[in-house]
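Right, one structure below, let's go through it.
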Amino acid sequence: MDAPTTTPADNGTSGGGGDWFAPRPELAQQDSPDAVLIRRTMAEVGPVADKVTSYFYALLFVRHPELRSLFPAAMDTQRDRLLKALLTAAEHIDNTEVLVAYLQNLGRGHGKYGTRAEHYPAVGECLIGALSRYASVWDAETEAAWVRTYTTISQVMIDAAASDELRAPAWWYAEVVSHELRTRDIAVVTVRPDQPYPFLAGQYTSLETPWWPRIWRHYSFASAPRSDGLLSFHVKAVPAGWVSNALVHRARPGDILRLGPPAGSMTVDHSTDSGLLCLGGGTGIAPIKALVEDVAERGERRPVEVFYGARSDHDLYDIDTMLRLQQSHPWLEVRPVVDRNGLIQLPDAIRSFGPWYEYDAYVSGPPGMIRSGVDVLRASGIPSARIRHDALEELVTAGG
Ligand SMILES: NC(=O)C1=CN([C@@H]2O[C@H](COP(=O)(O)OP(=O)(O)OC[C@H]3O[C@@H](n4cnc5c(N)ncnc54)[C@H](O)[C@@H]3O)[C@@H](O)[C@H]2O)C=CC1
């Protein structure tokens with residue numbers, strides 16, 4: 001199961017990185033009775049999160065061996081994703097808007113795994129089995145709160161998946177039509193989906209290669225939707241990244257990949273004409289390029305300022321494309337930012353320009369860069385609600 005998708009910077013799901021059992025005491029005042037019990041359990045099991053996760057999967061596969069084939073053969077990266085997503089959802093049980101958006105997206109993304117409505121009770125039963133074993137207080141009231149919460153969670157996901165099934169396939173096959181190695185470890189991979197693939201510039205998809213079945217990784221679309229229906233991704237092979245290495249070093253034209261549905265809300269708000277301030281670090285430039293194309297296609301003339309960061313000149317693998325776009329569009333400014341021995345990092349560069357408080361901001365790149373980028377943007381006067389980036393939980397696995 002996926003972790004949260006794109007979130008505005010301030011909704012609380014993406015700021016903290018890995019600590020997924022941490023209670024959120026600042027929300028305690030508005031908590032419903034169920035939320036109080038849910039958070040208490042989460043605080044209690046936090047210190048033994050690993051054990052809870054192992055026990056949860058042990059229960060699931062022993063009691064429901066038929067579900068094993070829905071998960072990858074090697075469970076290392078998957079291991080805490082399902083539980084983490086469920087607990088993230090439970091944590092937001094009182095925040096209907098965030099919860100529903102998050103769960104609908106999760107429900108949609110699950111068709112590609114072969115998840116069906118009847119699997120949800122099995123997962124719920126094992127979730128409760130694992131929590132009840134490790135929580136220090138587990139009484140009838142706590143169990144009832146978890147059952148109610150899980151029922152709400154699964155119902156939203158089931159409904160979203162069902163309504164999506166009527167509109168779109170659970171996954172698309174996509175044939176690699178070109179594979180261009182830009183540096184030793186970065187490739188631009190272009191694919192042709194077997195059916196129309198509707199998405200918005202700035203979104204991402206999940207992708208499975210034929211070499212690692214059932215291992216899905218997230219990649220942002222590197223272009224706005226094109227009239228020929230082709231989709232491009234910028235992929236960097238990372239150490240121990242099975243999918244990324246396969247895509248960079250093995251994929252060739254003719255290979256068939258699978259794509260999940262599009263996700264993410266790092267998209268352009270066309271209802272305003274505010275300027276766009278975009279920070280793209282490394283392959284994080286891909287969705288930024290898509291956003292620029294989107295503004296250009298709409299014929300908008302709002303200012304767009306792109307800061308494109310890389311560790312070295314050589315790593316600015318897409319600078320020619322960005323500079324070409326700049327030449328064609330007077331409203332676009334592209335500024336390459338190369339680290340000087342780590343002294344100046346991408347987010348620092350925006351401090352020398354501005355003012356930015358009237359801009360909408362878009363941040364894309366490694367999780368550390370997104371975190372510090374959001375801090376710098378806030379400090380420069382852009383309200384959190386106008387800073388968009390994909391959820392950090394997604395990016396951690398996106399690296400693989
Ligand atoms: N939608 C998104 O947010 C997307 C995110 N990505 C992610 O972007 C990453 C790209 O990796 P690489 O190309 O190896 O990037 P990289 O490690 O070479 O860094 C790129 C830029 O980010 C800056 N940076 C890195 N860590 C920083 C930190 N802690 N604080 C401030 N600045 C920092 C560097 O100074 C450099 O300018 C991957 O993790 C990938 O998952 C890729 C595509 C889309």
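Quick note on naming: the chains in the structure tokens go A, B, ... in the order shown, residues restart at 1 in each chain, and ligands are numbered from 1 in order of appearance.
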
* List all protein, DNA and RNA residues that have at least one atom no more than 7 Å from any atom of ligand 1, counting only C-alpha atoms and all ligand atoms, and write them as a PyMOL selection string. => chain A and resi 219-220+236+281-287+309-311+337-339+342+345-347+363-369+372-373+389-390+395-396+398-399

Keeping only N, CA, C and O atoms, write the selected residues as a compact mmCIF listing (two decimals), in the first residue's frame.
# COMPACT_ATOMS: atom_id res chain seq x y z
N TYR A 219 7.37 7.64 -10.31
CA TYR A 219 8.13 8.56 -11.17
C TYR A 219 7.21 9.66 -11.66
O TYR A 219 6.08 9.40 -12.06
N SER A 220 7.73 10.90 -11.63
CA SER A 220 6.95 12.04 -12.11
C SER A 220 6.99 12.08 -13.64
O SER A 220 8.00 11.71 -14.24
N LYS A 236 17.05 8.09 -12.42
CA LYS A 236 18.45 8.00 -12.00
C LYS A 236 18.65 6.65 -11.32
O LYS A 236 17.89 6.30 -10.40
N GLY A 281 15.54 19.82 -7.97
CA GLY A 281 16.88 19.32 -7.62
C GLY A 281 17.13 18.00 -8.33
O GLY A 281 16.34 17.06 -8.20
N GLY A 282 18.21 17.87 -9.09
CA GLY A 282 18.53 16.61 -9.77
C GLY A 282 17.39 16.23 -10.71
O GLY A 282 16.85 17.06 -11.45
N THR A 283 17.00 14.93 -10.65
CA THR A 283 15.90 14.50 -11.53
C THR A 283 14.56 15.11 -11.12
O THR A 283 13.57 14.96 -11.83
N GLY A 284 14.55 15.82 -10.00
CA GLY A 284 13.35 16.57 -9.60
C GLY A 284 13.00 17.67 -10.60
O GLY A 284 11.94 18.28 -10.53
N ILE A 285 13.86 17.92 -11.58
CA ILE A 285 13.53 18.91 -12.61
C ILE A 285 12.41 18.38 -13.53
O ILE A 285 11.73 19.16 -14.19
N ALA A 286 12.23 17.06 -13.55
CA ALA A 286 11.27 16.48 -14.51
C ALA A 286 9.86 17.08 -14.38
O ALA A 286 9.32 17.61 -15.35
N PRO A 287 9.23 17.01 -13.19
CA PRO A 287 7.87 17.58 -13.12
C PRO A 287 7.85 19.09 -13.27
O PRO A 287 6.86 19.66 -13.71
N GLY A 309 18.83 22.78 -9.52
CA GLY A 309 20.02 22.47 -8.75
C GLY A 309 20.64 21.13 -9.09
O GLY A 309 19.95 20.18 -9.43
N ALA A 310 21.97 21.08 -9.01
CA ALA A 310 22.68 19.80 -9.22
C ALA A 310 24.01 19.87 -8.49
O ALA A 310 24.49 20.94 -8.13
N ARG A 311 24.57 18.68 -8.30
CA ARG A 311 25.84 18.59 -7.56
C ARG A 311 27.02 19.13 -8.38
O ARG A 311 27.99 19.59 -7.83
N VAL A 337 21.80 26.08 -10.54
CA VAL A 337 22.49 26.28 -9.25
C VAL A 337 23.35 25.05 -9.00
O VAL A 337 22.83 23.96 -8.77
N VAL A 338 24.67 25.23 -9.11
CA VAL A 338 25.55 24.08 -8.91
C VAL A 338 26.16 24.20 -7.53
O VAL A 338 26.66 25.26 -7.15
N ASP A 339 26.11 23.10 -6.78
CA ASP A 339 26.69 23.10 -5.42
C ASP A 339 28.17 23.46 -5.51
O ASP A 339 28.87 22.95 -6.37
N GLY A 342 29.18 21.76 -1.64
CA GLY A 342 28.13 21.69 -0.62
C GLY A 342 27.91 23.00 0.09
O GLY A 342 27.11 23.10 1.02
N GLN A 345 23.56 25.27 -1.44
CA GLN A 345 22.65 24.27 -1.94
C GLN A 345 21.46 24.97 -2.56
O GLN A 345 21.21 26.15 -2.31
N LEU A 346 20.74 24.22 -3.34
CA LEU A 346 19.68 24.79 -4.15
C LEU A 346 18.77 25.76 -3.39
O LEU A 346 18.56 26.90 -3.83
N PRO A 347 18.20 25.37 -2.23
CA PRO A 347 17.26 26.29 -1.58
C PRO A 347 17.89 27.63 -1.21
O PRO A 347 17.23 28.66 -1.23
N VAL A 363 8.18 22.47 -5.25
CA VAL A 363 9.49 21.95 -4.85
C VAL A 363 9.56 20.47 -5.19
O VAL A 363 8.69 19.68 -4.79
N SER A 364 10.61 20.08 -5.90
CA SER A 364 10.71 18.70 -6.36
C SER A 364 12.17 18.27 -6.34
O SER A 364 13.04 18.98 -6.86
N GLY A 365 12.44 17.14 -5.73
CA GLY A 365 13.83 16.67 -5.66
C GLY A 365 14.02 15.74 -4.48
O GLY A 365 13.05 15.15 -3.98
N PRO A 366 15.27 15.59 -4.01
CA PRO A 366 15.51 14.68 -2.88
C PRO A 366 14.79 15.18 -1.63
O PRO A 366 14.62 16.40 -1.45
N PRO A 367 14.37 14.25 -0.74
CA PRO A 367 13.61 14.65 0.44
C PRO A 367 14.28 15.74 1.28
O PRO A 367 13.62 16.67 1.73
N GLY A 368 15.61 15.66 1.45
CA GLY A 368 16.31 16.67 2.26
C GLY A 368 16.20 18.05 1.63
O GLY A 368 16.04 19.07 2.32
N MET A 369 16.25 18.08 0.31
CA MET A 369 16.12 19.35 -0.40
C MET A 369 14.70 19.89 -0.27
O MET A 369 14.50 21.10 -0.12
N SER A 372 14.39 21.38 3.31
CA SER A 372 15.02 22.69 3.52
C SER A 372 14.43 23.72 2.57
O SER A 372 14.31 24.90 2.90
N GLY A 373 14.00 23.28 1.37
CA GLY A 373 13.35 24.21 0.44
C GLY A 373 12.09 24.80 1.05
O GLY A 373 11.87 26.01 0.98
N HIS A 389 4.49 20.19 -2.93
CA HIS A 389 5.53 19.19 -3.19
C HIS A 389 4.92 17.82 -2.98
O HIS A 389 3.88 17.69 -2.32
N ASP A 390 5.55 16.79 -3.52
CA ASP A 390 5.06 15.44 -3.29
C ASP A 390 5.44 14.99 -1.89
O ASP A 390 6.43 15.47 -1.32
N LEU A 395 8.75 9.73 -1.87
CA LEU A 395 10.03 9.93 -2.53
C LEU A 395 11.07 8.96 -2.04
O LEU A 395 11.97 8.59 -2.76
N VAL A 396 10.95 8.55 -0.79
CA VAL A 396 11.94 7.63 -0.25
C VAL A 396 11.94 6.37 -1.10
O VAL A 396 12.97 5.89 -1.55
N ALA A 398 10.58 6.25 -4.04
CA ALA A 398 10.77 6.62 -5.45
C ALA A 398 12.23 6.43 -5.85
O ALA A 398 12.55 6.20 -7.00
N GLY A 399 13.11 6.55 -4.85
CA GLY A 399 14.53 6.43 -5.16
C GLY A 399 14.92 5.06 -5.69
O GLY A 399 15.93 4.90 -6.35

* **Test item: residues at most 9 Å from Leu131 in chain A, only C-alpha atoms, excluding those fewer than 3 positions along its chain, as a list in words** => Thr41, Met42, Val45, Val52, Phe56, Cys126, Leu127, Ile128, Tyr134, Ala135 and Trp138 of chain A

* To do: Name the residues in contact with Val123 in chain A at a cut-off of 10 Å, using only C-alpha atoms, excluding same-chain residues fewer than 2 positions from it; report them as a VMD selection string.
  => chain A and resid 56 to 57 59 to 60 64 67 82 to 83 86 118 to 121 125 to 129 150 154

* Could you give me, as a list in words, the residues within 9 Å of Ala73 in chain A, counting only C-alpha atoms and dropping anything in the same chain fewer than 3 positions from it? =>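 Counting only the stated atoms, we get Arg68, Ser69, Trp212, Pro213, Arg214 and Ile215 of chain A.
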
* List every residue of range 106-352 of chain A that DSSP, applied to the backbone of this structure, places in alpha helix (DSSP H), and write the result as JSON, numbers by chain. => {"A": [106, 107, 108, 109, 110, 119, 120, 121, 122, 123, 124, 125, 126, 127, 128, 129, 130, 131, 132, 133, 134, 140, 141, 142, 143, 144, 145, 146, 147, 148, 149, 150, 151, 152, 153, 154, 155, 156, 157, 158, 159, 160, 161, 162, 163, 164, 165, 166, 167, 242, 243, 244, 245, 246, 247, 248, 249, 285, 286, 287, 288, 289, 290, 291, 292, 293, 294, 295, 296, 297, 319, 320, 321, 322, 323, 324, 325, 326, 327, 328, 346, 347, 348, 349]}

* Pick from A:Ala174, A:Ala101, A:Ala162, A:Ile186: nearest to His314 in chain A, with only C-alpha atoms counted? -> A:Ile186

* Asked: Per DSSP on the backbone, what are the strand (DSSP E or B) residues of range 300-336 of chain A, as JSON, numbers by chain?
  -> {"A": [304, 305, 306, 307, 308, 309, 310, 332, 333, 334, 335, 336]}
